[in-house]
file query-v7.cif (mmCIF, C-alpha atoms)
data_start
loop_
_atom_site.label_atom_id
_atom_site.label_comp_id
_atom_site.auth_asym_id
_atom_site.auth_seq_id
_atom_site.Cartn_x
_atom_site.Cartn_y
_atom_site.Cartn_z
CA MET S 1 15.37 -3.13 -31.61
CA ALA S 2 17.13 -5.76 -29.52
CA VAL S 3 19.58 -3.10 -28.30
CA THR S 4 16.76 -0.77 -27.22
CA ALA S 5 15.09 -3.65 -25.42
CA ALA S 6 18.36 -4.52 -23.70
CA ILE S 7 18.82 -0.90 -22.57
CA PHE S 8 15.35 -0.85 -20.98
CA ILE S 9 15.89 -4.20 -19.26
CA VAL S 10 19.32 -3.20 -17.92
CA LEU S 11 17.86 0.08 -16.61
CA GLY S 12 15.11 -1.92 -14.92
CA LEU S 13 17.69 -4.26 -13.37
CA PHE S 14 19.61 -1.22 -12.13
CA PHE S 15 16.55 0.03 -10.25
CA PHE S 16 15.89 -3.47 -8.88
CA LEU S 17 19.48 -3.40 -7.61
CA VAL S 18 18.94 0.03 -6.04
CA GLY S 19 15.76 -1.23 -4.37
CA THR S 20 17.58 -4.24 -2.95
CA VAL S 21 20.53 -2.18 -1.73
CA GLY S 22 17.99 0.18 -0.17
CA ILE S 23 16.30 -2.64 1.73
CA LEU S 24 19.67 -3.71 3.09
CA ARG S 25 21.04 -0.27 3.98
CA LEU S 26 18.11 1.84 5.18
CA PRO S 27 17.58 1.99 8.94
CA ASP S 28 13.97 1.02 9.64
CA PHE S 29 10.79 -0.61 8.41
CA TYR S 30 9.25 2.47 6.77
CA THR S 31 12.32 3.66 4.92
CA ARG S 32 12.96 0.12 3.69
CA LEU S 33 9.42 -0.03 2.44
CA GLN S 34 10.10 3.11 0.41
CA ALA S 35 12.93 1.41 -1.42
CA ALA S 36 11.15 -1.92 -1.74
CA GLY S 37 7.78 -0.66 -2.89
CA LYS S 38 8.76 1.96 -5.37
CA CYS S 39 12.08 1.38 -7.00
CA ASP S 40 10.61 -2.03 -7.75
CA SER S 41 7.52 -0.69 -9.48
CA LEU S 42 9.56 1.48 -11.84
CA ALA S 43 12.05 -1.35 -12.34
CA ALA S 44 9.36 -3.91 -13.14
CA VAL S 45 7.72 -1.56 -15.63
CA LEU S 46 11.05 -0.82 -17.33
CA VAL S 47 11.79 -4.53 -17.66
CA LEU S 48 8.29 -5.18 -19.03
CA VAL S 49 8.64 -2.36 -21.56
CA GLY S 50 11.94 -3.86 -22.64
CA VAL S 51 10.27 -7.23 -23.10
CA VAL S 52 7.44 -5.63 -25.11
CA ILE S 53 9.96 -3.97 -27.43
CA TYR S 54 11.77 -7.27 -27.86
CA VAL S 55 8.56 -9.17 -28.61
CA LEU S 56 7.37 -6.55 -31.09
CA SER S 57 10.66 -6.59 -33.01
CA ASP S 58 9.25 -9.72 -34.65
CA PHE S 59 5.94 -8.13 -35.60
CA SER S 60 2.77 -10.21 -35.98
CA LEU S 61 -0.78 -10.10 -34.66
CA ALA S 62 -0.09 -12.76 -32.04
CA ASN S 63 2.99 -10.86 -30.81
CA LEU S 64 1.00 -7.62 -30.76
CA LEU S 65 -1.56 -9.27 -28.45
CA VAL S 66 1.26 -10.53 -26.23
CA GLY S 67 2.66 -6.99 -26.09
CA ILE S 68 -0.71 -5.53 -25.09
CA LYS S 69 -1.05 -8.13 -22.34
CA ILE S 70 2.39 -7.30 -20.96
CA LEU S 71 1.52 -3.60 -20.96
CA ALA S 72 -1.67 -4.46 -19.08
CA ILE S 73 0.52 -6.13 -16.43
CA ALA S 74 2.59 -2.94 -16.24
CA GLY S 75 -0.56 -0.87 -15.76
CA PHE S 76 -1.75 -3.22 -13.04
CA ILE S 77 1.59 -2.92 -11.20
CA PHE S 78 1.29 0.87 -11.29
CA ILE S 79 -2.07 0.70 -9.55
CA ALA S 80 -1.45 -2.22 -7.19
CA SER S 81 2.07 -1.40 -5.99
CA PRO S 82 1.35 2.02 -4.42
CA THR S 83 -1.88 0.66 -2.94
CA ALA S 84 0.01 -2.17 -1.24
CA THR S 85 2.77 0.17 -0.04
CA HIS S 86 0.19 2.52 1.40
CA ALA S 87 -1.72 -0.29 3.12
CA ILE S 88 1.42 -1.80 4.69
CA THR S 89 2.61 1.60 5.94
CA ALA S 90 -0.79 2.45 7.41
CA ALA S 91 -0.97 -0.98 9.08
CA ALA S 92 2.51 -0.58 10.56
CA LEU S 93 1.59 2.82 12.01
CA VAL S 94 -1.61 1.41 13.50
CA VAL S 95 0.26 -1.49 15.10
CA GLY S 96 2.85 0.96 16.39
CA VAL S 97 6.10 0.09 14.67
CA GLU S 98 8.51 2.75 15.88
CA PRO S 99 9.85 4.96 13.07
CA TRP S 100 13.55 5.72 12.99
CA LYS S 101 14.18 9.36 13.80
CA LYS S 102 17.24 11.41 13.15
CA GLU S 103 17.18 13.45 16.38
CA LYS S 104 17.43 10.32 18.59
CA LYS S 105 20.91 9.60 17.30
CA GLY S 106 22.40 12.79 18.75
CA ARG S 107 21.29 12.08 22.35
CA MET A 1 -28.63 1.72 -21.83
CA PRO A 2 -25.61 3.43 -23.43
CA ALA A 3 -23.65 2.49 -20.33
CA LYS A 4 -24.44 -1.17 -20.99
CA PHE A 5 -23.27 -0.95 -24.59
CA ALA A 6 -20.08 0.86 -23.61
CA THR A 7 -19.33 -1.78 -20.96
CA PHE A 8 -20.04 -4.48 -23.52
CA PHE A 9 -17.59 -3.11 -26.06
CA ILE A 10 -14.84 -2.49 -23.50
CA MET A 11 -15.29 -6.05 -22.20
CA LEU A 12 -15.28 -7.45 -25.73
CA LEU A 13 -12.05 -5.63 -26.57
CA PHE A 14 -10.53 -7.07 -23.40
CA TRP A 15 -11.78 -10.55 -24.33
CA VAL A 16 -10.30 -10.41 -27.82
CA VAL A 17 -6.92 -9.20 -26.52
CA LEU A 18 -6.76 -11.90 -23.85
CA SER A 19 -8.08 -14.78 -25.96
CA GLY A 20 -6.35 -14.08 -29.27
CA MET A 21 -8.57 -16.61 -31.06
CA PHE A 22 -10.74 -15.31 -33.85
CA ASP A 23 -12.81 -18.38 -34.80
CA GLY A 24 -16.59 -18.29 -34.51
CA PHE A 25 -16.83 -20.50 -31.45
CA HIS A 26 -14.55 -18.42 -29.23
CA LEU A 27 -15.96 -15.11 -30.44
CA THR A 28 -19.51 -16.32 -29.70
CA LEU A 29 -18.46 -17.35 -26.21
CA GLY A 30 -16.94 -13.89 -25.77
CA VAL A 31 -20.05 -12.08 -26.95
CA ILE A 32 -22.27 -14.10 -24.59
CA SER A 33 -20.00 -13.58 -21.56
CA CYS A 34 -19.55 -9.88 -22.27
CA ALA A 35 -23.30 -9.38 -22.68
CA LEU A 36 -23.93 -11.07 -19.33
CA VAL A 37 -21.23 -9.05 -17.56
CA ALA A 38 -22.43 -5.82 -19.17
CA HIS A 39 -26.02 -6.53 -18.15
CA PHE A 40 -25.27 -7.27 -14.51
CA SER A 41 -22.21 -5.12 -13.69
CA HIS A 42 -22.24 -2.03 -15.90
CA ARG A 43 -22.75 0.07 -12.76
CA LEU A 44 -19.25 -0.84 -11.59
CA LEU A 45 -17.77 0.95 -14.58
CA PHE A 46 -20.33 3.72 -14.94
CA PRO A 47 -21.77 4.35 -11.44
CA ASP A 48 -24.18 7.09 -12.57
CA GLY A 49 -24.97 5.51 -15.92
CA LYS A 50 -23.47 8.37 -17.92
CA ILE A 51 -20.60 7.96 -20.39
CA GLY A 52 -19.62 11.59 -21.04
CA PRO A 53 -18.00 12.48 -17.68
CA TRP A 54 -16.35 9.07 -17.51
CA ALA A 55 -14.73 9.43 -20.94
CA ARG A 56 -13.55 12.93 -20.02
CA ASP A 57 -11.95 11.69 -16.79
CA VAL A 58 -10.21 8.83 -18.59
CA SER A 59 -8.80 11.06 -21.33
CA ARG A 60 -7.64 13.70 -18.83
CA LEU A 61 -6.02 11.02 -16.68
CA THR A 62 -4.20 9.77 -19.77
CA LEU A 63 -2.90 13.29 -20.38
CA TYR A 64 -1.72 13.44 -16.76
CA LEU A 65 0.28 10.20 -17.06
CA PRO A 66 3.36 11.55 -18.94
CA PHE A 67 3.92 14.15 -16.21
CA LEU A 68 3.52 11.46 -13.55
CA PHE A 69 5.97 9.18 -15.30
CA LYS A 70 8.56 11.95 -15.55
CA GLU A 71 8.14 12.62 -11.82
CA ILE A 72 8.54 8.93 -11.02
CA VAL A 73 11.80 8.67 -12.96
CA VAL A 74 13.23 11.85 -11.42
CA ALA A 75 12.23 10.78 -7.92
CA ASN A 76 13.61 7.26 -8.42
CA LEU A 77 16.96 8.74 -9.44
CA GLN A 78 16.95 10.81 -6.23
CA VAL A 79 16.28 7.70 -4.15
CA ALA A 80 19.00 5.83 -6.05
CA ARG A 81 21.40 8.63 -5.17
CA ILE A 82 20.41 8.49 -1.48
CA VAL A 83 20.59 4.72 -1.26
CA LEU A 84 23.95 4.43 -3.01
CA HIS A 85 25.45 7.41 -1.17
CA PRO A 86 28.24 6.41 1.25
CA ARG A 87 26.89 8.70 4.02
CA MET A 88 23.26 7.74 3.48
CA LEU A 89 22.13 8.42 7.05
CA ASP A 90 23.07 12.10 6.73
CA LEU A 91 20.84 12.53 3.73
CA ILE A 92 17.65 10.96 5.01
CA ASP A 93 15.43 12.56 7.61
CA PRO A 94 12.19 10.57 7.81
CA ARG A 95 9.10 12.29 9.10
CA LEU A 96 5.33 12.29 9.02
CA VAL A 97 3.72 15.41 7.60
CA SER A 98 0.09 16.41 7.27
CA PHE A 99 -1.40 18.95 4.94
CA LYS A 100 -4.79 19.98 3.70
CA THR A 101 -5.64 19.48 0.09
CA ARG A 102 -7.93 21.63 -1.98
CA LEU A 103 -8.96 18.69 -4.12
CA LYS A 104 -12.67 18.00 -3.75
CA ARG A 105 -13.52 14.89 -5.73
CA PRO A 106 -12.76 11.43 -4.34
CA LEU A 107 -11.27 10.43 -7.71
CA SER A 108 -8.77 13.28 -7.73
CA ARG A 109 -7.85 12.63 -4.08
CA VAL A 110 -7.16 8.98 -4.83
CA THR A 111 -5.15 9.93 -7.92
CA PHE A 112 -3.13 12.43 -5.91
CA GLY A 113 -2.56 9.92 -3.10
CA GLN A 114 -1.40 7.23 -5.50
CA SER A 115 0.85 9.75 -7.27
CA ILE A 116 2.45 10.70 -3.94
CA THR A 117 3.06 7.04 -3.14
CA LEU A 118 4.44 6.32 -6.61
CA THR A 119 6.98 9.12 -6.48
CA PRO A 120 9.64 7.73 -4.16
CA ALA A 121 10.58 9.31 -0.87
CA THR A 122 6.91 9.83 -0.01
CA ILE A 123 4.07 7.47 0.96
CA THR A 124 0.49 8.49 1.52
CA VAL A 125 -0.43 7.02 4.91
CA SER A 126 -4.02 8.16 5.13
CA ILE A 127 -6.55 10.49 3.58
CA ASP A 128 -9.09 11.70 6.12
CA ASP A 129 -11.53 13.92 4.30
CA ASP A 130 -9.23 16.70 3.08
CA VAL A 131 -6.22 15.97 5.33
CA PHE A 132 -3.41 13.97 3.77
CA THR A 133 -0.90 12.28 6.06
CA VAL A 134 2.31 11.56 4.21
CA TYR A 135 5.41 9.68 5.33
CA SER A 136 8.47 11.24 3.80
CA LEU A 137 12.02 9.97 3.53
CA THR A 138 13.74 13.33 3.27
CA ARG A 139 13.07 16.82 4.52
CA SER A 140 13.09 18.30 1.03
CA ALA A 141 10.50 15.82 -0.19
CA ALA A 142 8.26 16.70 2.76
CA GLU A 143 8.61 20.41 2.09
CA SER A 144 7.81 20.06 -1.59
CA LEU A 145 4.27 18.86 -0.77
CA PRO A 146 1.60 19.40 -1.95
CA GLY A 147 3.37 21.33 -4.68
CA GLU A 148 3.03 21.13 -8.42
CA MET A 149 1.59 17.65 -8.48
CA GLU A 150 -1.57 18.80 -6.72
CA LYS A 151 -1.97 21.59 -9.26
CA ARG A 152 -1.62 19.11 -12.11
CA VAL A 153 -4.16 16.73 -10.58
CA ALA A 154 -6.51 19.64 -9.96
CA ALA A 155 -6.14 20.81 -13.54
CA ALA A 156 -6.73 17.28 -14.80
CA LEU A 157 -9.67 16.16 -12.70
CA GLU A 158 -11.31 18.94 -10.70
CA GLU A 159 -14.41 20.61 -12.04
CA GLN A 160 -13.57 23.98 -13.51
CA PRO A 161 -15.51 26.74 -11.70
#
call {"tool": "encode", "arguments": {"input": "query-v7.cif", "output": "structure tokens"}}
result
Amino acid sequence: MAVTAAIFIVLGLFFFLVGTVGILRLPDFYTRLQAAGKCDSLAAVLVLVGVVIYVLSDFSLANLLVGIKILAIAGFIFIASPTATHAITAAALVVGVEPWKKEKKGR
Amino acid sequence: MPAKFATFFIMLLFWVVLSGMFDGFHLTLGVISCALVAHFSHRLLFPDGKIGPWARDVSRLTLYLPFLFKEIVVANLQVARIVLHPRMLDLIDPRLVSFKTRLKRPLSRVTFGQSITLTPATITVSIDDDVFTVYSLTRSAAESLPGEMEKRVAAALEEQP
């Protein structure tokens, strides 16, 4: 059980790493938001699932309730994260943040 | 009336999970609070007061989730490949695309929009009536829209003719 939990958590950390590298490497606001908003949601859920598995390896009613609560957090992230990403992108477009375009580089 | 009872039991389940205390005092508090919430706010959960369509939507959404999760993992791996690729700037080609959807219900449009945002390389910028505006990180992701995901959402949530 502990090994499975560790695998999930390490996978989650890998996607957190990818998200962070993405924020540093990608060229503009919108593309960075892609990496920040979404790799992170999958990563957070993977870490949370790992924690749930770890908690449930010592099974009891109290731990079961803790597990359900953590899964509720995961569900909330899955609804809130895309909503926030969408709202920030829409706001940036309204304000007029210039998107990076590939064609401009050639000129 | 059934909507009130359904709200009450959902709230009570939530209360028990969050509180984790099963003595009489805390359970009584829970029952009172849930009854009050159910009385005043059951329309938030069941806008038209009917349980049948709501339960069908929830169960169909649950059936849609495994497909969505698979898509999220696949798309995240693609983004990981792009981000970690040494010549990253050659791979990405950001653009805004618009397309018309054939989804009719607000619920299915929201589900589809959230699914697009959750699968990396695409963000739903706006939904104006039936026109989706999507910001896409790569050309291939832009060209794959609306694609299979719309069909799945339609199968899950649209009324069958």
call {"tool": "interface_residues", "arguments": {"input": "query-v7.cif", "of": "chain S", "to": "chain A", "cutoff": "6 Å", "atoms": "all atoms listed in the file", "output": "number ranges by chain"}}
result
S: 18, 22, 38, 65, 82, 86, 90, 102
call {"tool": "atom_distance", "arguments": {"input": "query-v7.cif", "atom1": "CA of Leu29 (chain A)", "atom2": "CA of Thr7 (chain A)"}}
result
16.5 Å
call {"tool": "closest_residue", "arguments": {"input": "query-v7.cif", "among": "A:His85, A:Glu71, A:Gly30, A:Phe132", "to": "Glu148 (chain A)", "atoms": "all atoms listed in the file"}}
result
A:Glu71
call {"tool": "residues_around", "arguments": {"input": "query-v7.cif", "residues": "Leu107 (chain A)", "least_positions_apart": "5", "cutoff": "12 Å", "atoms": "all atoms listed in the file", "output": "ChimeraX atom specification"}}
result
/A:54,57-58,61,112-114,153-154,156-159
call {"tool": "resolve_selection", "arguments": {"input": "query-v7.cif", "expression": "the PyMOL selection byres ((chain S and resi 45) around 10)", "output": "ChimeraX atom specification"}}
result
/S:8-9,12,40-44,46-51,70-71,73-78
call {"tool": "atom_distance", "arguments": {"input": "query-v7.cif", "atom1": "CA of Thr85 (chain S)", "atom2": "CA of Gly37 (chain S)"}}
result
5.8 Å
call {"tool": "atom_distance", "arguments": {"input": "query-v7.cif", "atom1": "CA of Val3 (chain S)", "atom2": "CA of Tyr54 (chain S)"}}
result
8.9 Å
call {"tool": "axis_aligned_box", "arguments": {"input": "query-v7.cif", "around": "region 147-159 of chain A", "padding_each_side": "4 Å", "output": "AutoDock Vina command-line options"}}
result
--center_x -5.5 --center_y 18.9 --center_z -9.7 --size_x 25.8 --size_y 13.4 --size_z 18.1
call {"tool": "closest_residue", "arguments": {"input": "query-v7.cif", "among": "S:Gly19, S:Ala35, S:Ser57, S:Asp28", "to": "Ala2 (chain S)", "atoms": "all atoms listed in the file"}}
result
S:Ser57
call {"tool": "closest_residue", "arguments": {"input": "query-v7.cif", "among": "A:Ser98, A:Ala3, A:Thr28, A:Lys151", "to": "Pro53 (chain A)", "atoms": "all atoms listed in the file"}}
result
A:Ala3
call {"tool": "build_atoms", "arguments": {"input": "query-v7.cif", "residues": "region 108-121 of chain A", "atoms": "N, CA and C atoms", "output": "short mmCIF file (atom, residue, chain, number, x, y, z; two decimals), in the frame of the given file"}}
result
data_model
loop_
_atom_site.label_atom_id
_atom_site.label_comp_id
_atom_site.auth_asym_id
_atom_site.auth_seq_id
_atom_site.Cartn_x
_atom_site.Cartn_y
_atom_site.Cartn_z
N SER A 108 -10.02 12.53 -7.64
CA SER A 108 -8.77 13.28 -7.73
C SER A 108 -7.95 13.09 -6.46
N ARG A 109 -8.61 12.89 -5.30
CA ARG A 109 -7.85 12.63 -4.08
C ARG A 109 -7.12 11.30 -4.17
N VAL A 110 -7.81 10.29 -4.68
CA VAL A 110 -7.16 8.98 -4.83
C VAL A 110 -5.99 9.09 -5.82
N THR A 111 -6.22 9.78 -6.94
CA THR A 111 -5.15 9.93 -7.92
C THR A 111 -3.95 10.62 -7.31
N PHE A 112 -4.22 11.68 -6.54
CA PHE A 112 -3.13 12.43 -5.91
C PHE A 112 -2.41 11.55 -4.89
N GLY A 113 -3.18 10.80 -4.10
CA GLY A 113 -2.56 9.92 -3.10
C GLY A 113 -1.69 8.87 -3.74
N GLN A 114 -2.19 8.25 -4.80
CA GLN A 114 -1.40 7.23 -5.50
C GLN A 114 -0.16 7.86 -6.14
N SER A 115 -0.31 9.09 -6.67
CA SER A 115 0.85 9.75 -7.27
C SER A 115 1.92 10.01 -6.21
N ILE A 116 1.49 10.44 -5.02
CA ILE A 116 2.45 10.70 -3.94
C ILE A 116 3.17 9.40 -3.59
N THR A 117 2.42 8.30 -3.51
CA THR A 117 3.06 7.04 -3.14
C THR A 117 3.99 6.55 -4.25
N LEU A 118 3.62 6.80 -5.50
CA LEU A 118 4.44 6.32 -6.61
C LEU A 118 5.74 7.10 -6.74
N THR A 119 5.72 8.40 -6.42
CA THR A 119 6.98 9.12 -6.48
C THR A 119 7.75 8.78 -5.22
N PRO A 120 8.92 8.21 -5.33
CA PRO A 120 9.64 7.73 -4.16
C PRO A 120 9.96 8.85 -3.20
N ALA A 121 10.30 8.44 -2.00
CA ALA A 121 10.58 9.31 -0.87
C ALA A 121 9.31 9.79 -0.18
#
